[in-house]
file my_file_2.cif (mmCIF, C-alpha atoms)
data_structure
loop_
_atom_site.label_atom_id
_atom_site.label_comp_id
_atom_site.auth_asym_id
_atom_site.auth_seq_id
_atom_site.Cartn_x
_atom_site.Cartn_y
_atom_site.Cartn_z
CA MET A 269 92.66 159.98 137.70
CA THR A 270 94.15 156.74 136.43
CA LEU A 271 97.02 154.94 138.17
CA ARG A 272 99.31 155.92 135.30
CA GLU A 273 98.38 159.59 135.77
CA VAL A 274 98.92 159.30 139.54
CA ASN A 275 102.28 157.67 138.94
CA ALA A 276 103.30 160.45 136.54
CA ALA A 277 102.01 163.34 138.65
CA GLN A 278 103.19 162.56 142.15
CA GLY A 279 106.57 161.85 143.68
CA ILE A 280 109.85 160.75 142.20
CA SER A 281 110.55 157.45 140.51
CA ALA A 282 112.17 154.92 142.85
CA ARG A 283 114.45 153.84 140.02
CA ARG A 284 115.66 157.39 139.45
CA MET A 285 116.07 158.12 143.14
CA PHE A 286 118.05 154.97 143.89
CA SER A 287 120.09 155.46 140.70
CA TRP A 288 121.11 158.90 141.94
CA VAL A 289 121.81 157.52 145.40
CA ALA A 290 123.90 154.72 143.93
CA LEU A 291 125.77 157.24 141.75
CA ILE A 292 126.49 159.54 144.70
CA VAL A 293 127.55 156.69 146.98
CA SER A 294 129.73 155.20 144.23
CA GLY A 295 131.30 158.63 143.66
CA LEU A 296 132.02 159.11 147.36
CA PHE A 297 133.39 155.60 147.61
CA ALA A 298 135.59 156.14 144.56
CA LEU A 299 136.78 159.46 146.02
CA GLY A 300 137.69 157.81 149.31
CA ILE A 301 139.47 154.96 147.57
CA GLY A 302 141.24 157.47 145.33
CA LEU A 303 142.46 159.49 148.32
CA ILE A 304 143.74 156.38 150.07
CA ALA A 305 145.29 155.10 146.83
CA ALA A 306 147.05 158.45 146.35
CA ASP A 307 148.50 158.19 149.84
CA GLN A 308 149.58 154.61 149.21
CA GLN A 309 151.25 155.81 146.02
CA GLN A 310 153.14 158.39 148.07
CA VAL A 311 154.23 155.62 150.45
CA LEU A 312 155.37 153.55 147.48
CA LEU A 313 157.29 156.49 146.00
CA SER A 314 158.92 157.18 149.37
CA THR A 315 159.87 153.53 149.73
CA THR A 316 161.26 153.45 146.21
CA ARG A 317 163.21 156.66 146.79
CA MET A 318 164.58 155.22 150.01
CA GLN A 319 165.69 152.05 148.27
CA GLU A 320 167.13 153.75 145.20
CA GLN A 321 168.51 156.97 146.65
CA THR A 322 168.50 157.28 150.39
CA LEU A 323 169.89 153.85 151.30
CA PRO A 324 172.73 154.02 148.74
CA THR A 325 173.57 157.53 150.02
CA ILE A 326 173.53 156.31 153.62
CA MET A 327 175.69 153.32 152.73
CA ALA A 328 178.12 155.59 150.88
CA LYS A 329 178.38 157.90 153.89
CA GLN A 330 178.81 154.90 156.21
CA ARG A 331 181.50 153.55 153.94
CA LEU A 332 183.19 156.96 153.82
CA ALA A 333 182.98 157.24 157.61
CA ARG A 334 184.51 153.78 157.95
CA ASN A 335 187.38 154.66 155.58
CA LEU A 336 188.02 157.92 157.41
CA GLU A 337 188.07 156.00 160.67
CA GLN A 338 190.60 153.58 159.15
CA LEU A 339 192.64 156.57 157.96
CA ARG A 340 192.66 157.99 161.47
CA VAL A 341 193.55 154.61 162.98
CA ALA A 342 196.39 154.18 160.44
CA GLY A 343 197.68 157.67 161.40
CA ASP A 344 197.59 156.74 165.06
CA ASP A 345 199.49 153.55 164.24
CA VAL A 346 202.27 155.70 162.71
CA PHE A 347 202.85 157.29 166.10
CA ASP A 348 202.20 154.16 168.17
CA ALA A 349 204.02 151.58 166.02
CA PRO A 350 206.48 149.45 168.07
CA SER A 351 209.04 149.29 165.26
CA ASP A 352 210.14 151.09 162.14
CA VAL A 353 208.75 148.32 159.94
CA ALA A 354 205.33 148.64 161.55
CA ARG A 355 205.56 152.42 161.21
CA GLN A 356 206.36 152.14 157.53
CA GLN A 357 203.44 149.82 157.06
CA ALA A 358 201.18 152.32 158.85
CA LEU A 359 202.40 155.13 156.54
CA PHE A 360 201.67 152.95 153.53
CA MET A 361 198.13 152.32 154.81
CA THR A 362 197.50 156.06 155.27
CA GLU A 363 198.51 156.70 151.65
CA LEU A 364 196.44 153.75 150.42
CA ILE A 365 193.31 154.71 152.38
CA ALA A 366 193.64 158.41 151.48
CA ALA A 367 193.51 157.38 147.81
CA HIS A 368 190.25 155.42 148.21
CA PRO A 369 187.57 156.54 145.68
CA SER A 370 184.95 157.15 148.39
CA ILE A 371 187.28 159.67 150.03
CA GLN A 372 188.30 161.19 146.70
CA ASP A 373 184.61 161.75 145.74
CA ASP A 374 183.75 163.74 148.89
CA PRO A 375 185.19 167.30 148.92
CA HIS A 376 185.59 167.58 152.71
CA ALA A 377 187.01 164.10 153.07
CA ASN A 378 189.31 164.62 150.09
CA ALA A 379 190.63 167.86 151.58
CA LEU A 380 191.36 166.18 154.92
CA ALA A 381 192.92 163.19 153.16
CA LYS A 382 195.24 165.48 151.17
CA GLN A 383 196.11 167.33 154.36
CA THR A 384 196.88 163.99 156.04
CA LYS A 385 199.03 162.83 153.13
CA ARG A 386 200.84 166.15 153.10
CA PHE A 387 201.37 165.93 156.87
CA PHE A 388 202.96 162.51 156.66
CA ALA A 389 204.88 163.29 153.47
CA GLN A 390 206.28 166.70 154.46
CA ASP A 391 206.23 166.95 158.24
CA LEU A 392 207.10 163.29 158.85
CA PRO A 393 209.25 162.13 155.92
CA PRO A 394 210.15 158.44 156.07
CA GLY A 395 213.77 159.05 156.91
CA THR A 396 213.07 161.29 159.91
CA LEU A 397 210.74 159.13 161.96
CA THR A 398 212.58 159.33 165.24
CA SER A 399 211.03 159.38 168.66
CA ASP A 400 211.76 163.07 169.06
CA THR A 401 210.18 163.92 165.70
CA LEU A 402 207.08 161.88 166.47
CA THR A 403 206.76 163.50 169.86
CA LYS A 404 207.20 166.92 168.33
CA HIS A 405 204.45 166.42 165.75
CA ARG A 406 201.98 164.35 167.85
CA GLY A 407 199.99 167.40 168.85
CA GLN A 408 199.65 168.47 165.24
CA TRP A 409 198.44 164.98 164.33
CA GLN A 410 195.96 164.98 167.20
CA ARG A 411 194.40 168.16 165.83
CA LEU A 412 194.22 166.61 162.38
CA SER A 413 192.84 163.35 163.87
CA LYS A 414 190.19 165.38 165.69
CA GLN A 415 189.10 166.94 162.39
CA LEU A 416 188.82 163.45 160.92
CA GLY A 417 186.71 162.38 163.92
CA LEU A 418 184.41 165.35 163.50
CA LEU A 419 183.98 164.57 159.83
CA ILE A 420 183.23 160.93 160.73
CA ASP A 421 180.59 162.12 163.21
CA ASP A 422 179.14 164.35 160.50
CA MET A 423 178.91 161.37 158.15
CA PHE A 424 177.07 159.34 160.79
CA ASN A 425 174.81 162.26 161.65
CA ASP A 426 174.00 162.81 157.99
CA SER A 427 173.15 159.14 157.62
CA ILE A 428 170.90 159.21 160.65
CA HIS A 429 169.28 162.44 159.47
CA LEU A 430 168.56 161.02 156.01
CA ALA A 431 167.09 157.84 157.45
CA SER A 432 165.04 159.79 159.99
CA GLN A 433 163.83 162.20 157.33
CA GLU A 434 162.60 159.39 155.05
CA LEU A 435 161.00 157.49 157.93
CA SER A 436 159.28 160.68 159.11
CA ALA A 437 157.89 161.25 155.62
CA VAL A 438 156.55 157.69 155.43
CA THR A 439 155.17 157.94 158.97
CA ALA A 440 153.45 161.23 158.14
CA ILE A 441 151.82 159.67 155.09
CA GLN A 442 150.72 156.63 157.09
CA THR A 443 149.33 158.90 159.82
CA TRP A 444 147.43 160.92 157.20
CA VAL A 445 146.06 157.66 155.77
CA ARG A 446 144.96 156.63 159.26
CA TYR A 447 143.19 159.96 159.76
CA LYS A 448 141.43 159.56 156.43
CA LEU A 449 140.35 156.04 157.32
CA VAL A 450 139.05 157.28 160.67
CA VAL A 451 136.90 159.80 158.79
CA ILE A 452 136.01 157.76 155.69
CA LEU A 453 135.05 154.47 157.36
CA PRO A 454 132.52 156.00 159.80
CA LEU A 455 131.24 158.15 156.94
CA PHE A 456 130.63 155.12 154.75
CA ILE A 457 129.13 153.16 157.64
CA GLY A 458 126.82 156.12 158.29
CA ILE A 459 125.88 156.29 154.59
CA VAL A 460 125.15 152.55 154.51
CA LEU A 461 123.05 152.79 157.67
CA PHE A 462 121.23 155.82 156.25
CA LEU A 463 120.55 153.93 153.01
CA LEU A 464 119.24 150.93 154.96
CA TRP A 465 117.03 153.20 157.06
CA SER A 466 115.81 155.03 153.95
CA ALA A 467 115.04 151.75 152.17
CA HIS A 468 113.13 150.54 155.23
CA ALA A 469 111.24 153.83 155.66
CA LEU A 470 110.49 154.40 151.97
CA LEU A 471 109.99 150.84 150.73
CA VAL A 472 109.89 148.07 153.33
CA LYS A 473 107.63 149.76 155.90
CA PRO A 474 105.07 151.06 153.32
CA LEU A 475 105.00 147.65 151.64
CA GLN A 476 104.48 145.91 154.98
CA ARG A 477 101.67 148.37 155.80
CA MET A 478 100.03 147.77 152.43
CA ASP A 479 100.38 144.01 152.84
CA GLN A 480 98.65 144.33 156.21
CA LEU A 481 95.93 146.49 154.64
CA LEU A 482 95.37 143.89 151.93
CA GLY A 483 94.67 141.34 154.62
CA GLU A 484 92.41 143.68 156.60
CA ILE A 485 90.68 145.63 153.83
CA ASP A 486 86.94 145.54 154.26
CA ALA A 487 84.16 146.98 152.15
CA VAL A 488 82.29 148.07 155.28
CA ASP A 489 85.06 149.83 157.20
CA ALA A 490 86.61 153.10 156.12
CA MET A 491 89.96 152.89 154.37
CA PRO A 492 92.75 153.58 156.92
CA LEU A 493 94.87 156.62 156.17
CA MET A 494 98.20 155.80 154.54
CA PRO A 495 101.14 158.19 154.97
CA SER A 496 102.17 159.91 151.77
CA SER A 497 105.33 158.66 150.08
CA PRO A 498 107.80 160.57 147.88
CA LEU A 499 108.11 157.50 145.62
CA ARG A 500 105.80 157.30 142.63
CA GLU A 501 105.59 153.53 142.76
CA ILE A 502 104.45 153.50 146.41
CA THR A 503 101.97 156.31 145.67
CA ALA A 504 100.60 154.32 142.73
CA VAL A 505 100.17 151.19 144.84
CA GLN A 506 98.43 153.24 147.56
CA ALA A 507 96.11 154.68 144.92
CA ALA A 508 95.43 151.15 143.68
CA LEU A 509 94.54 150.07 147.22
CA ARG A 510 92.15 153.00 147.57
CA ALA A 511 90.62 152.14 144.20
CA LEU A 512 90.29 148.52 145.30
CA HIS A 513 88.59 149.62 148.53
CA GLU A 514 86.18 151.83 146.57
CA LEU A 515 85.47 148.93 144.22
CA LEU A 516 84.78 146.63 147.17
CA GLN A 517 82.49 149.23 148.71
CA HIS A 518 80.62 149.63 145.43
CA LYS A 519 80.41 145.86 145.12
CA GLU A 520 79.09 145.59 148.69
CA GLN A 521 76.54 148.31 148.05
CA THR A 522 75.46 146.56 144.87
CA ARG A 523 75.23 143.25 146.75
CA GLN A 524 73.15 144.84 149.49
CA THR A 525 70.90 146.48 146.91
CA LEU A 526 70.42 143.21 145.04
CA GLU A 527 69.85 141.37 148.29
CA ARG A 528 67.31 143.93 149.40
CA MET A 529 65.61 143.74 146.01
CA ALA A 530 65.51 139.96 146.30
CA GLU A 531 64.13 140.03 149.86
CA HIS A 532 61.98 143.15 149.99
CA ASP A 533 58.94 144.43 148.17
CA ASP A 534 59.91 147.18 145.73
CA LEU A 535 56.91 149.36 146.49
CA THR A 536 56.58 149.21 150.27
CA GLY A 537 60.07 148.16 151.38
CA LEU A 538 58.58 145.38 153.49
CA LEU A 539 59.67 141.75 153.25
CA ASN A 540 58.40 140.03 150.13
CA ARG A 541 56.46 136.78 150.32
CA ARG A 542 59.48 134.46 149.93
CA LYS A 543 61.63 136.20 152.54
CA PHE A 544 58.72 136.64 154.95
CA MET A 545 57.85 132.94 154.79
CA GLU A 546 61.52 132.03 155.32
CA GLN A 547 62.02 134.28 158.37
CA ALA A 548 58.57 133.47 159.76
CA ALA A 549 59.35 129.75 159.72
CA VAL A 550 62.62 130.38 161.59
CA GLU A 551 60.86 132.53 164.19
CA LEU A 552 58.07 130.01 164.79
CA ASN A 553 60.56 127.15 165.14
CA ARG A 554 62.49 129.15 167.76
CA ASP A 555 59.33 130.01 169.70
CA HIS A 556 58.11 126.40 169.54
CA ARG A 557 61.47 125.14 170.73
CA ASN A 558 61.46 127.56 173.66
CA HIS A 559 57.74 127.10 174.36
CA ARG A 560 57.09 130.79 173.99
CA PRO A 561 53.80 132.40 172.86
CA VAL A 562 53.60 133.57 169.26
CA SER A 563 50.79 134.80 167.03
CA VAL A 564 50.34 135.47 163.33
CA ALA A 565 48.02 137.92 161.57
CA MET A 566 46.74 138.68 158.11
CA ALA A 567 45.65 142.20 157.05
CA ASP A 568 43.86 143.42 153.95
CA ILE A 569 43.01 146.97 152.83
CA ASP A 570 39.27 147.25 152.49
CA PHE A 571 37.78 148.00 149.08
CA PHE A 572 41.26 148.35 147.56
CA LYS A 573 39.87 147.69 144.06
CA SER A 574 37.61 150.71 144.44
CA ILE A 575 40.61 152.82 145.48
CA ASN A 576 42.45 151.75 142.35
CA ASP A 577 39.41 152.45 140.24
CA THR A 578 38.90 155.88 141.80
CA PHE A 579 42.48 157.15 142.14
CA GLY A 580 44.25 154.93 139.65
CA HIS A 581 47.05 152.48 140.28
CA THR A 582 49.35 155.33 141.23
CA GLY A 583 46.96 156.35 143.99
CA GLY A 584 46.63 152.70 145.07
CA ASP A 585 50.42 152.39 145.25
CA GLN A 586 50.58 155.50 147.43
CA VAL A 587 47.98 154.03 149.78
CA LEU A 588 50.03 150.81 150.05
CA LYS A 589 53.20 152.77 150.84
CA ALA A 590 51.41 154.91 153.41
CA PHE A 591 50.04 151.79 155.11
CA ALA A 592 53.54 150.24 155.11
CA ASP A 593 54.92 153.39 156.77
CA ILE A 594 52.31 153.06 159.55
CA LEU A 595 53.32 149.43 160.07
CA LYS A 596 57.03 150.29 160.26
CA LYS A 597 56.28 152.92 162.90
CA ASP A 598 53.78 151.04 165.07
CA LEU A 599 55.19 147.52 165.03
CA ARG A 600 57.88 146.36 167.44
CA GLU A 601 61.42 145.61 166.27
CA SER A 602 60.93 141.90 166.94
CA ASP A 603 57.76 141.72 164.82
CA LEU A 604 57.87 140.44 161.27
CA VAL A 605 55.69 141.90 158.50
CA GLY A 606 55.61 141.20 154.80
CA ARG A 607 53.55 142.01 151.74
CA ILE A 608 52.42 138.62 150.47
CA GLY A 609 49.91 139.76 147.88
CA GLY A 610 48.50 142.85 146.18
CA GLU A 611 46.93 144.44 149.26
CA GLU A 612 47.51 141.57 151.68
CA PHE A 613 50.01 141.71 154.51
CA ALA A 614 51.13 139.00 156.94
CA PHE A 615 52.56 139.35 160.47
CA VAL A 616 54.44 137.21 162.96
CA LEU A 617 54.28 138.56 166.50
CA PRO A 618 56.82 136.81 168.84
CA GLU A 619 56.24 136.66 172.60
CA THR A 620 52.61 137.64 171.96
CA GLY A 621 49.45 135.64 172.65
CA PRO A 622 46.23 136.04 170.60
CA GLU A 623 44.65 138.67 172.87
CA ALA A 624 47.80 140.83 173.01
CA ALA A 625 48.15 140.42 169.26
CA LYS A 626 44.56 141.59 168.81
CA GLN A 627 45.30 144.72 170.85
CA LEU A 628 48.38 145.48 168.74
CA MET A 629 46.51 145.00 165.50
CA GLU A 630 43.60 147.09 166.83
CA ARG A 631 45.99 149.95 167.45
CA ILE A 632 47.22 149.73 163.87
CA ARG A 633 43.65 149.57 162.54
CA SER A 634 42.71 152.65 164.55
CA THR A 635 45.74 154.54 163.30
CA VAL A 636 44.83 153.80 159.67
CA GLN A 637 41.24 154.86 160.24
CA ALA A 638 42.21 158.06 162.04
CA ASN A 639 44.73 159.22 159.42
CA PRO A 640 43.37 159.76 155.91
CA MET A 641 46.09 159.18 153.36
CA VAL A 642 47.08 162.26 151.32
CA LEU A 643 48.04 161.56 147.71
CA THR A 644 50.64 163.50 145.77
CA ASP A 645 47.95 165.13 143.64
CA GLY A 646 46.25 166.48 146.79
CA GLY A 647 43.56 163.83 146.97
CA ARG A 648 42.67 162.22 150.29
CA VAL A 649 41.82 158.55 150.79
CA GLN A 650 39.99 157.38 153.90
CA ALA A 651 41.18 153.76 153.90
CA THR A 652 40.33 151.05 156.42
CA ILE A 653 41.78 147.61 157.04
CA SER A 654 40.48 144.25 158.16
CA ILE A 655 42.74 141.98 160.21
CA GLY A 656 42.61 138.34 161.22
CA VAL A 657 44.70 137.01 164.15
CA ALA A 658 45.55 133.39 164.98
CA ASP A 659 47.50 131.63 167.73
CA ALA A 660 50.63 130.00 166.30
CA ALA A 661 52.16 128.64 169.52
CA ASN A 662 51.28 125.06 168.63
CA SER A 663 50.77 125.26 164.88
CA ALA A 664 52.95 125.09 161.82
CA LEU A 665 53.36 128.32 159.86
CA ALA A 666 51.09 127.29 156.99
CA VAL A 667 48.34 126.21 159.40
CA ALA A 668 48.61 129.36 161.49
CA LEU A 669 48.45 131.60 158.41
CA ARG A 670 45.43 129.69 157.14
CA HIS A 671 43.73 130.27 160.51
CA ALA A 672 44.58 133.96 160.37
CA ASP A 673 43.23 134.14 156.82
CA THR A 674 39.99 132.52 158.03
CA ALA A 675 39.73 135.16 160.76
CA LEU A 676 40.39 137.86 158.14
CA TYR A 677 37.46 136.62 156.05
CA SER A 678 35.34 136.67 159.22
CA ALA A 679 36.31 140.31 159.80
CA LYS A 680 35.30 141.20 156.25
CA ALA A 681 32.07 139.25 156.57
CA LEU A 682 31.25 141.14 159.79
CA GLY A 683 31.50 144.52 158.09
CA ARG A 684 35.25 145.14 157.57
CA ASN A 685 37.43 147.68 159.45
CA ARG A 686 37.79 145.32 162.40
CA VAL A 687 40.11 142.75 163.99
CA GLU A 688 38.97 139.17 164.51
CA VAL A 689 40.75 136.32 166.34
CA HIS A 690 40.52 132.77 165.03
CA GLN A 691 38.62 130.56 167.39
CA ALA A 692 39.95 127.01 167.59
#
call {"tool": "encode", "arguments": {"input": "my_file_2.cif", "output": "structure tokens"}}
result
Amino acid sequence: MTLREVNAAQGISARRMFSWVALIVSGLFALGIGLIAADQQQVLLSTTRMQEQTLPTIMAKQRLARNLEQLRVAGDDVFDAPSDVARQQALFMTELIAAHPSIQDDPHANALAKQTKRFFAQDLPPGTLTSDTLTKHRGQWQRLSKQLGLLIDDMFNDSIHLASQELSAVTAIQTWVRYKLVVILPLFIGIVLFLLWSAHALLVKPLQRMDQLLGEIDAVDAMPLMPSSPLREITAVQAALRALHELLQHKEQTRQTLERMAEHDDLTGLLNRRKFMEQAAVELNRDHRNHRPVSVAMADIDFFKSINDTFGHTGGDQVLKAFADILKKDLRESDLVGRIGGEEFAFVLPETGPEAAKQLMERIRSTVQANPMVLTDGGRVQATISIGVADAANSALAVALRHADTALYSAKALGRNRVEVHQA
């Protein structure tokens, strides 16, 4: 499956998801702002109503209460005036105040004002204002003055009630706004924190993990498991990382195959001549440097041309592979062996003197002799080998191999199927 197919088949698009999230958050934010704005509009309307209606009404009632108080004071002055002139002036003030427009506009105040005017006009006519008359009618005036006082108190109470009612309405709206803010602000803070956590969990953390994997990805190690993501883009990048890992593994396998082909013989799987000579030189240098014993050997399959002539090249190849299998099984891990010619094989035997090397090679020779090689077509080949061994502890590689080759020719000259050690 291609990355495009993976991207289309799995998860949701990050763009679509965050677009929906942004739309929902914007809607919630707009709703919260709208609710608060509506409450602020109510506060504004209440303030406007207070300025345009309530305050003028309160001022009118205060003004009416003040005029009624002046009317009551003027009536008291009629009874308490020290002279007739002062009394006449007080009567004039009662008539003047009773005719004030604020009193005329209020039904209750207008009724009391008319009653006051009638009291002073009929019960206390200007020509009869004697001490006895005033004393006689003082109680009646006190009852009328009390009614004026009660009406004044009502005006003040109404003013206070109106002001309190408007302030209570504004306070209730402000309290409701505060409650909304207490709910909305934590809600938005929670949404923001959730969005930050989601962005970290869905984007930042996977990207950090993939960045770490890019630095640690290795063709040899297995690809670490990556948690699945609901986002298509993250899934696509994870798929790309897996594809990259597979490509690296394939590249490493190809490299190893090419390296093995460049260093090993295609038929037997043993080291080829170039690689054997390279590793043999390194091994001899190490043994010389450490003054350790080391031997080399040369082996050749006897009458190999006859085997090819009898069983064909395919049969000869099978004999070579069978011999290589015996070498892989019987040689030590530290020993080096390589196919350096058609049926010629070379050995480097570290930590081994000539006599011990001869014993090792003798064991291999005996194994080959004791185990006829079975071909794929059912034929059997009784092959033998000749081996030459040489001490390489104090010799260069080329010299030691030449000595081993000389010993190999000696083994063939002495009848083949034997191991000979080069004599210095």
call {"tool": "residues_near_point", "arguments": {"input": "my_file_2.cif", "point": "(55.8, 125.4, 170.5)", "cutoff": "12 Å", "atoms": "all atoms listed in the file", "output": "ChimeraX atom specification"}}
result
/A:551-563,618-619,659-665
call {"tool": "atom_distance", "arguments": {"input": "my_file_2.cif", "atom1": "CA of Ala507 (chain A)", "atom2": "CA of Pro495 (chain A)"}}
result
11.8 Å
call {"tool": "atom_distance", "arguments": {"input": "my_file_2.cif", "atom1": "CA of Gln330 (chain A)", "atom2": "CA of Lys385 (chain A)"}}
result
21.9 Å
call {"tool": "resolve_selection", "arguments": {"input": "my_file_2.cif", "expression": "the PyMOL selection byres ((chain A and resi 669) around 10)", "output": "number ranges by chain"}}
result
A: 563-566, 614-616, 656-660, 663-668, 670-675
call {"tool": "residues_around", "arguments": {"input": "my_file_2.cif", "residues": "Lys473 (chain A)", "least_positions_apart": "6", "cutoff": "12 Å", "atoms": "only C-alpha atoms", "output": "number ranges by chain"}}
result
A: 464-467, 479-480, 494-495, 497, 502
call {"tool": "atom_distance", "arguments": {"input": "my_file_2.cif", "atom1": "CA of Glu688 (chain A)", "atom2": "CA of Asn639 (chain A)"}}
result
21.5 Å
call {"tool": "residues_around", "arguments": {"input": "my_file_2.cif", "residues": "Asp426 (chain A)", "least_positions_apart": "3", "cutoff": "12 Å", "atoms": "all atoms listed in the file", "output": "PDB file with C-alpha atoms, keeping the file's coordinate frame"}}
result
ATOM      1  CA  THR A 322     168.500 157.280 150.390  1.00  0.00           C
ATOM      2  CA  LEU A 323     169.890 153.850 151.300  1.00  0.00           C
ATOM      3  CA  THR A 325     173.570 157.530 150.020  1.00  0.00           C
ATOM      4  CA  ILE A 326     173.530 156.310 153.620  1.00  0.00           C
ATOM      5  CA  MET A 327     175.690 153.320 152.730  1.00  0.00           C
ATOM      6  CA  ALA A 328     178.120 155.590 150.880  1.00  0.00           C
ATOM      7  CA  LYS A 329     178.380 157.900 153.890  1.00  0.00           C
ATOM      8  CA  GLN A 330     178.810 154.900 156.210  1.00  0.00           C
ATOM      9  CA  LEU A 332     183.190 156.960 153.820  1.00  0.00           C
ATOM     10  CA  ALA A 333     182.980 157.240 157.610  1.00  0.00           C
ATOM     11  CA  LEU A 419     183.980 164.570 159.830  1.00  0.00           C
ATOM     12  CA  ILE A 420     183.230 160.930 160.730  1.00  0.00           C
ATOM     13  CA  ASP A 421     180.590 162.120 163.210  1.00  0.00           C
ATOM     14  CA  ASP A 422     179.140 164.350 160.500  1.00  0.00           C
ATOM     15  CA  MET A 423     178.910 161.370 158.150  1.00  0.00           C
ATOM     16  CA  HIS A 429     169.280 162.440 159.470  1.00  0.00           C
ATOM     17  CA  LEU A 430     168.560 161.020 156.010  1.00  0.00           C
ATOM     18  CA  ALA A 431     167.090 157.840 157.450  1.00  0.00           C
ATOM     19  CA  SER A 432     165.040 159.790 159.990  1.00  0.00           C
ATOM     20  CA  GLN A 433     163.830 162.200 157.330  1.00  0.00           C
TER      21      GLN A 433
END
call {"tool": "closest_residue", "arguments": {"input": "my_file_2.cif", "among": "A:Gly683, A:Gly606, A:Pro498, A:Pro622", "to": "Thr652 (chain A)", "atoms": "only C-alpha atoms"}}
result
A:Gly683
call {"tool": "residues_around", "arguments": {"input": "my_file_2.cif", "residues": "Asp534 (chain A)", "least_positions_apart": "3", "cutoff": "12 Å", "atoms": "all atoms listed in the file", "output": "PyMOL selection string"}}
result
chain A and resi 525-531+537-541+585+588-589+592+606-607
call {"tool": "residues_around", "arguments": {"input": "my_file_2.cif", "residues": "region 630-638 of chain A", "least_positions_apart": "2", "cutoff": "12 Å", "atoms": "all atoms listed in the file", "output": "count of residues only"}}
result
42
call {"tool": "closest_residue", "arguments": {"input": "my_file_2.cif", "among": "A:Thr620, A:Ser287, A:Gln308, A:Ser281", "to": "Gln442 (chain A)", "atoms": "all atoms listed in the file"}}
result
A:Gln308
call {"tool": "closest_residue", "arguments": {"input": "my_file_2.cif", "among": "A:Leu482, A:Gln408, A:Asp352, A:Leu463", "to": "His513 (chain A)", "atoms": "only C-alpha atoms"}}
result
A:Leu482
call {"tool": "resolve_selection", "arguments": {"input": "my_file_2.cif", "expression": "the PyMOL selection byres ((chain A and resi 341-351) around 9)", "output": "ChimeraX atom specification"}}
result
/A:336-340,352-362,365,384,388,399,402-403,406,409-410,413
call {"tool": "closest_residue", "arguments": {"input": "my_file_2.cif", "among": "A:Gln310, A:Thr316, A:Ser602, A:Gln390", "to": "Thr439 (chain A)", "atoms": "all atoms listed in the file"}}
result
A:Gln310
call {"tool": "closest_residue", "arguments": {"input": "my_file_2.cif", "among": "A:Arg648, A:Gln415, A:His368, A:Ile441", "to": "Leu313 (chain A)", "atoms": "only C-alpha atoms"}}
result
A:Ile441
call {"tool": "resolve_selection", "arguments": {"input": "my_file_2.cif", "expression": "the PyMOL selection byres ((chain A and resi 456) around 12)", "output": "ChimeraX atom specification"}}
result
/A:292-301,448-455,457-463
call {"tool": "closest_residue", "arguments": {"input": "my_file_2.cif", "among": "A:Ala437, A:Val605, A:Ala549, A:Ala469", "to": "Met318 (chain A)", "atoms": "only C-alpha atoms"}}
result
A:Ala437
